[in-house]
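Reviewing the structure listed below.
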Amino acid sequence: MDMPGEDEYVYGYEYEFDLENPFTSPADEPIASLLDAEAHHAPSVSAAASAVRRDAARFISKVRYDGELAVHPRVAYLALNYVDRFLSKGQLPFERKPWAPRLLAISCLSIAAKMQRVDAISMDYIQRDEEFMFDAVTIRRMERVVLGALEWRARSVTPLAFLGFFLSACFPPPRHPALLDAVKERAVDLLLRAQPEVKMAEFSPSVVAASALLAAAGEIAVAHLPAFQAAVAACPFEKLRECGEVMAAVCGVVGVGVGVGPAASADTPVTVLGHGHYRSASSESDRTVGSAANVADAKKRCMGPPSQWG
């Protein structure tokens, strides 16, 4: 994203930022562009484990769950992403000051609200319980420090950006819109809940997205799960199993990708990579044919040259 002019920054961005489609140019939409960009937007493990990040995340979480304020979950999600990306770039000015994490969190919330084009957050209100409050000038100055560190690339590539790809490339037919919407909605919920966990920073956004969708499918679309697992496993992603285990622990689900079906039990779980045993309500032959076709398509789209990715 090019650095905006003064007027654009003061009066808001021209377009609402869609977390599921972070690029404005059609040429940047294919999965190849997302995979290329994700490494530049993912937080570092050391930044995610820092005390500053912990305190900033705590403040953002408090604001998000404030019943009276009701900050939109995606604003809070984007704000914490900005915190992570900023801390991955270097140290926070005045890091040793006890108020520094709060100033960072407030500034990132303000930027996120502008990018999402939601009503402006009352900076006085979210600071009402604090010993002292930052004024608008101080917050605006910190916003510029954050955006400068991010090179004004405020359109973050997060796990949400990969959901559409995995559902279109890997989810087996029949792809009923209502079912896909339900799986996606549940995956988004898991992503929002898992984000504050420090260990999630160990995994790339694409892997986190795949793990969330597999977990959601395990709860909502059990009959589709084996073919979906096989297709996702065909993609050359690292640490998919580990990410699934962390997400399962953080979100309190039985297990990422675990299906509760006729032949599923605690002794034979279906994990994120399809280990264990599960037989869907459909016939074995139907499932095998559908799975093989889906895996072939996933391999083409995940492992072929960029020109084949869409």
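Ordering of the structure tokens sets the chain letters (A, B, ...), residue numbers begin anew at 1 in every chain, and ligands are numbered from 1 in the order given.
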Checklist line | Shell around A:Phe59 at 7 Å using only C-alpha atoms, local window under 3 positions removed, as a ChimeraX atom specification | finding: /A:55-56,62-63,102,105
Next item on the list: Using DSSP on the backbone coordinates, identify all residues within stretch 5-219 of chain A classified as alpha helix (DSSP H); present the result as a PyMOL selection string.
Entry: chain A and resi 6-11+31-41+45-48+51-64+73-89+100-115+123-126+136-149+163-169+177-194+205-219
Give me, as a tab-separated table, the closest atom pair and its distance (Å, one decimal) for every residue of stretch 18-95 of chain A within a cut-off of 10 Å of stretch 203-226 of chain A, counting only C-alpha atoms, rows sorted by chain and rising number.
```
residue	atom	partner	partner_atom	distance
A:Ile31	CA	A:Ser206	CA	9.9
A:Leu34	CA	A:Ser206	CA	8.6
A:Leu35	CA	A:Ser206	CA	7.5
A:Glu38	CA	A:Pro205	CA	6.6
A:Ala39	CA	A:Ser204	CA	7.2
A:His41	CA	A:Pro205	CA	8.7
A:Ala42	CA	A:Ser204	CA	6.5
A:Pro43	CA	A:Ser204	CA	8.9
A:Ser44	CA	A:Phe203	CA	9.7
A:Val45	CA	A:Phe203	CA	9.2
```
Would you export the selected residues with N, CA, C and O atoms as a CSV table (one decimal), in the first residue's frame, please?
```csv
chain,number,residue,atom,x,y,z
A,31,ILE,N,-3.8,-16.8,-5.0
A,31,ILE,CA,-3.2,-17.3,-3.8
A,31,ILE,C,-1.7,-17.1,-3.8
A,31,ILE,O,-1.0,-17.0,-2.8
A,34,LEU,N,-0.8,-14.0,-2.1
A,34,LEU,CA,-1.0,-14.1,-0.6
A,34,LEU,C,0.1,-14.8,0.0
A,34,LEU,O,0.6,-14.4,1.1
A,35,LEU,N,0.5,-15.9,-0.6
A,35,LEU,CA,1.6,-16.7,0.0
A,35,LEU,C,2.9,-16.0,-0.1
A,35,LEU,O,3.7,-16.1,0.8
A,38,GLU,N,2.5,-13.2,2.9
A,38,GLU,CA,2.3,-13.5,4.3
A,38,GLU,C,3.5,-13.5,5.1
A,38,GLU,O,3.4,-13.1,6.3
A,39,ALA,N,4.6,-13.8,4.6
A,39,ALA,CA,5.9,-13.8,5.4
A,39,ALA,C,6.2,-12.4,5.9
A,39,ALA,O,6.8,-12.2,7.0
A,41,HIS,N,4.0,-10.2,6.7
A,41,HIS,CA,3.0,-9.7,7.6
A,41,HIS,C,2.8,-10.5,8.9
A,41,HIS,O,2.1,-10.1,9.8
A,42,ALA,N,3.5,-11.7,8.9
A,42,ALA,CA,3.4,-12.5,10.1
A,42,ALA,C,4.2,-12.0,11.2
A,42,ALA,O,5.3,-11.5,11.0
A,43,PRO,N,3.7,-12.1,12.5
A,43,PRO,CA,4.5,-11.6,13.6
A,43,PRO,C,5.7,-12.5,14.0
A,43,PRO,O,5.6,-13.7,13.6
A,44,SER,N,6.7,-12.0,14.6
A,44,SER,CA,7.8,-12.9,15.1
A,44,SER,C,7.4,-13.5,16.4
A,44,SER,O,6.6,-12.9,17.2
A,45,VAL,N,8.0,-14.6,16.7
A,45,VAL,CA,7.7,-15.3,17.9
A,45,VAL,C,8.1,-14.5,19.1
A,45,VAL,O,7.4,-14.4,20.1
```
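Of the listed residues (A:Ala79, A:Ala112, A:Ala154, A:Val52), A:Val52 comes nearest to A:Pro98; the distances count only C-alpha atoms.
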Item checked: Nearest-residue call for A:Pro173, choices A:Ala231, A:Met115, A:Ala187, A:Leu104, using only C-alpha atoms ->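 For A:Pro173, the nearest of the candidates is A:Ala231.
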Note to self: Nearest residue to A:Met123 out of A:Gly164, A:Ile106, A:Thr138, A:Ala76, using only C-alpha atoms?
What the structure shows: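 Among the listed residues, the smallest separation from A:Met123 belongs to A:Ile106.
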Next item on the list: Identify which of the residues A:Glu242, A:Arg85, A:Phe237, A:Ala48 lies closest to A:Glu151, counting only C-alpha atoms when measuring atom-to-atom distances.
Entry: A:Arg85
Check: When you draw a straight line from atom CA of A:Ala120 to atom CA of A:Ala136, how long is it in Å?
Finding: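 For atom CA of A:Ala120 relative to atom CA of A:Ala136, the distance reads 12.3 Å.
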Note to self: With only C-alpha atoms as the counted atoms, please give the residues lying no more than 10 Å from A:Ile111, apart from itself and same-chain residues fewer than 5 positions off, as number ranges by chain.
What the structure shows: A: 9, 12, 75, 78-79, 82, 105-106, 116-117, 120, 140, 143-144, 146-147, 154
Could you save those same residues with N, CA, C and O atoms as a PDB file, in the first residue's frame?
```
ATOM      1  N   TYR A   9      -5.171  10.498   5.096  1.00  0.00           N
ATOM      2  CA  TYR A   9      -5.008   9.938   6.429  1.00  0.00           C
ATOM      3  C   TYR A   9      -5.963  10.600   7.421  1.00  0.00           C
ATOM      4  O   TYR A   9      -6.576   9.944   8.255  1.00  0.00           O
ATOM      5  N   GLY A  12      -9.812   9.722   6.435  1.00  0.00           N
ATOM      6  CA  GLY A  12     -10.181   8.325   6.283  1.00  0.00           C
ATOM      7  C   GLY A  12      -9.720   7.749   4.962  1.00  0.00           C
ATOM      8  O   GLY A  12      -9.422   8.460   4.021  1.00  0.00           O
ATOM      9  N   VAL A  75     -12.226  -5.428  14.337  1.00  0.00           N
ATOM     10  CA  VAL A  75     -11.398  -4.264  14.653  1.00  0.00           C
ATOM     11  C   VAL A  75     -10.357  -4.653  15.696  1.00  0.00           C
ATOM     12  O   VAL A  75      -9.175  -4.319  15.571  1.00  0.00           O
ATOM     13  N   LEU A  78      -7.720  -6.912  13.999  1.00  0.00           N
ATOM     14  CA  LEU A  78      -6.780  -6.160  13.180  1.00  0.00           C
ATOM     15  C   LEU A  78      -5.844  -5.331  14.053  1.00  0.00           C
ATOM     16  O   LEU A  78      -4.653  -5.210  13.755  1.00  0.00           O
ATOM     17  N   ALA A  79      -6.368  -4.769  15.143  1.00  0.00           N
ATOM     18  CA  ALA A  79      -5.543  -3.968  16.038  1.00  0.00           C
ATOM     19  C   ALA A  79      -4.417  -4.807  16.642  1.00  0.00           C
ATOM     20  O   ALA A  79      -3.256  -4.368  16.696  1.00  0.00           O
ATOM     21  N   TYR A  82      -1.744  -5.394  14.157  1.00  0.00           N
ATOM     22  CA  TYR A  82      -0.851  -4.237  14.031  1.00  0.00           C
ATOM     23  C   TYR A  82       0.161  -4.207  15.177  1.00  0.00           C
ATOM     24  O   TYR A  82       1.336  -3.890  14.971  1.00  0.00           O
ATOM     25  N   ALA A 105      -1.648  -0.019  22.100  1.00  0.00           N
ATOM     26  CA  ALA A 105      -2.931  -0.684  21.863  1.00  0.00           C
ATOM     27  C   ALA A 105      -3.994   0.308  21.402  1.00  0.00           C
ATOM     28  O   ALA A 105      -4.745   0.036  20.450  1.00  0.00           O
ATOM     29  N   ILE A 106      -4.066   1.458  22.051  1.00  0.00           N
ATOM     30  CA  ILE A 106      -5.063   2.467  21.686  1.00  0.00           C
ATOM     31  C   ILE A 106      -4.827   2.970  20.268  1.00  0.00           C
ATOM     32  O   ILE A 106      -5.769   3.116  19.476  1.00  0.00           O
ATOM     33  N   GLN A 116     -11.376  -0.267   8.947  1.00  0.00           N
ATOM     34  CA  GLN A 116     -12.627  -1.014   8.831  1.00  0.00           C
ATOM     35  C   GLN A 116     -13.822  -0.099   8.583  1.00  0.00           C
ATOM     36  O   GLN A 116     -14.946  -0.572   8.429  1.00  0.00           O
ATOM     37  N   ARG A 117     -13.564   1.208   8.591  1.00  0.00           N
ATOM     38  CA  ARG A 117     -14.599   2.202   8.324  1.00  0.00           C
ATOM     39  C   ARG A 117     -15.777   2.059   9.284  1.00  0.00           C
ATOM     40  O   ARG A 117     -16.944   2.157   8.883  1.00  0.00           O
ATOM     41  N   ALA A 120     -15.951   5.931  14.843  1.00  0.00           N
ATOM     42  CA  ALA A 120     -14.747   6.216  15.608  1.00  0.00           C
ATOM     43  C   ALA A 120     -14.903   5.746  17.053  1.00  0.00           C
ATOM     44  O   ALA A 120     -15.956   5.891  17.673  1.00  0.00           O
ATOM     45  N   ARG A 140      -2.550  10.320  17.934  1.00  0.00           N
ATOM     46  CA  ARG A 140      -2.296  10.500  16.513  1.00  0.00           C
ATOM     47  C   ARG A 140      -0.798  10.376  16.211  1.00  0.00           C
ATOM     48  O   ARG A 140      -0.403   9.764  15.207  1.00  0.00           O
ATOM     49  N   GLU A 143       0.053   6.772  16.245  1.00  0.00           N
ATOM     50  CA  GLU A 143      -0.460   6.129  15.035  1.00  0.00           C
ATOM     51  C   GLU A 143       0.552   6.262  13.900  1.00  0.00           C
ATOM     52  O   GLU A 143       0.799   5.302  13.145  1.00  0.00           O
ATOM     53  N   ARG A 144       1.121   7.428  13.785  1.00  0.00           N
ATOM     54  CA  ARG A 144       2.088   7.660  12.706  1.00  0.00           C
ATOM     55  C   ARG A 144       3.369   6.863  12.931  1.00  0.00           C
ATOM     56  O   ARG A 144       3.988   6.401  11.963  1.00  0.00           O
ATOM     57  N   VAL A 146       3.468   3.935  14.381  1.00  0.00           N
ATOM     58  CA  VAL A 146       3.100   2.563  14.017  1.00  0.00           C
ATOM     59  C   VAL A 146       3.070   2.396  12.503  1.00  0.00           C
ATOM     60  O   VAL A 146       3.678   1.469  11.945  1.00  0.00           O
ATOM     61  N   LEU A 147       2.366   3.289  11.813  1.00  0.00           N
ATOM     62  CA  LEU A 147       2.254   3.186  10.355  1.00  0.00           C
ATOM     63  C   LEU A 147       3.608   3.352   9.682  1.00  0.00           C
ATOM     64  O   LEU A 147       3.886   2.703   8.666  1.00  0.00           O
ATOM     65  N   ALA A 154      -1.001  -0.958   5.774  1.00  0.00           N
ATOM     66  CA  ALA A 154      -2.011  -1.232   6.791  1.00  0.00           C
ATOM     67  C   ALA A 154      -2.986  -2.326   6.388  1.00  0.00           C
ATOM     68  O   ALA A 154      -3.812  -2.746   7.189  1.00  0.00           O
TER      69      ALA A 154
END
```
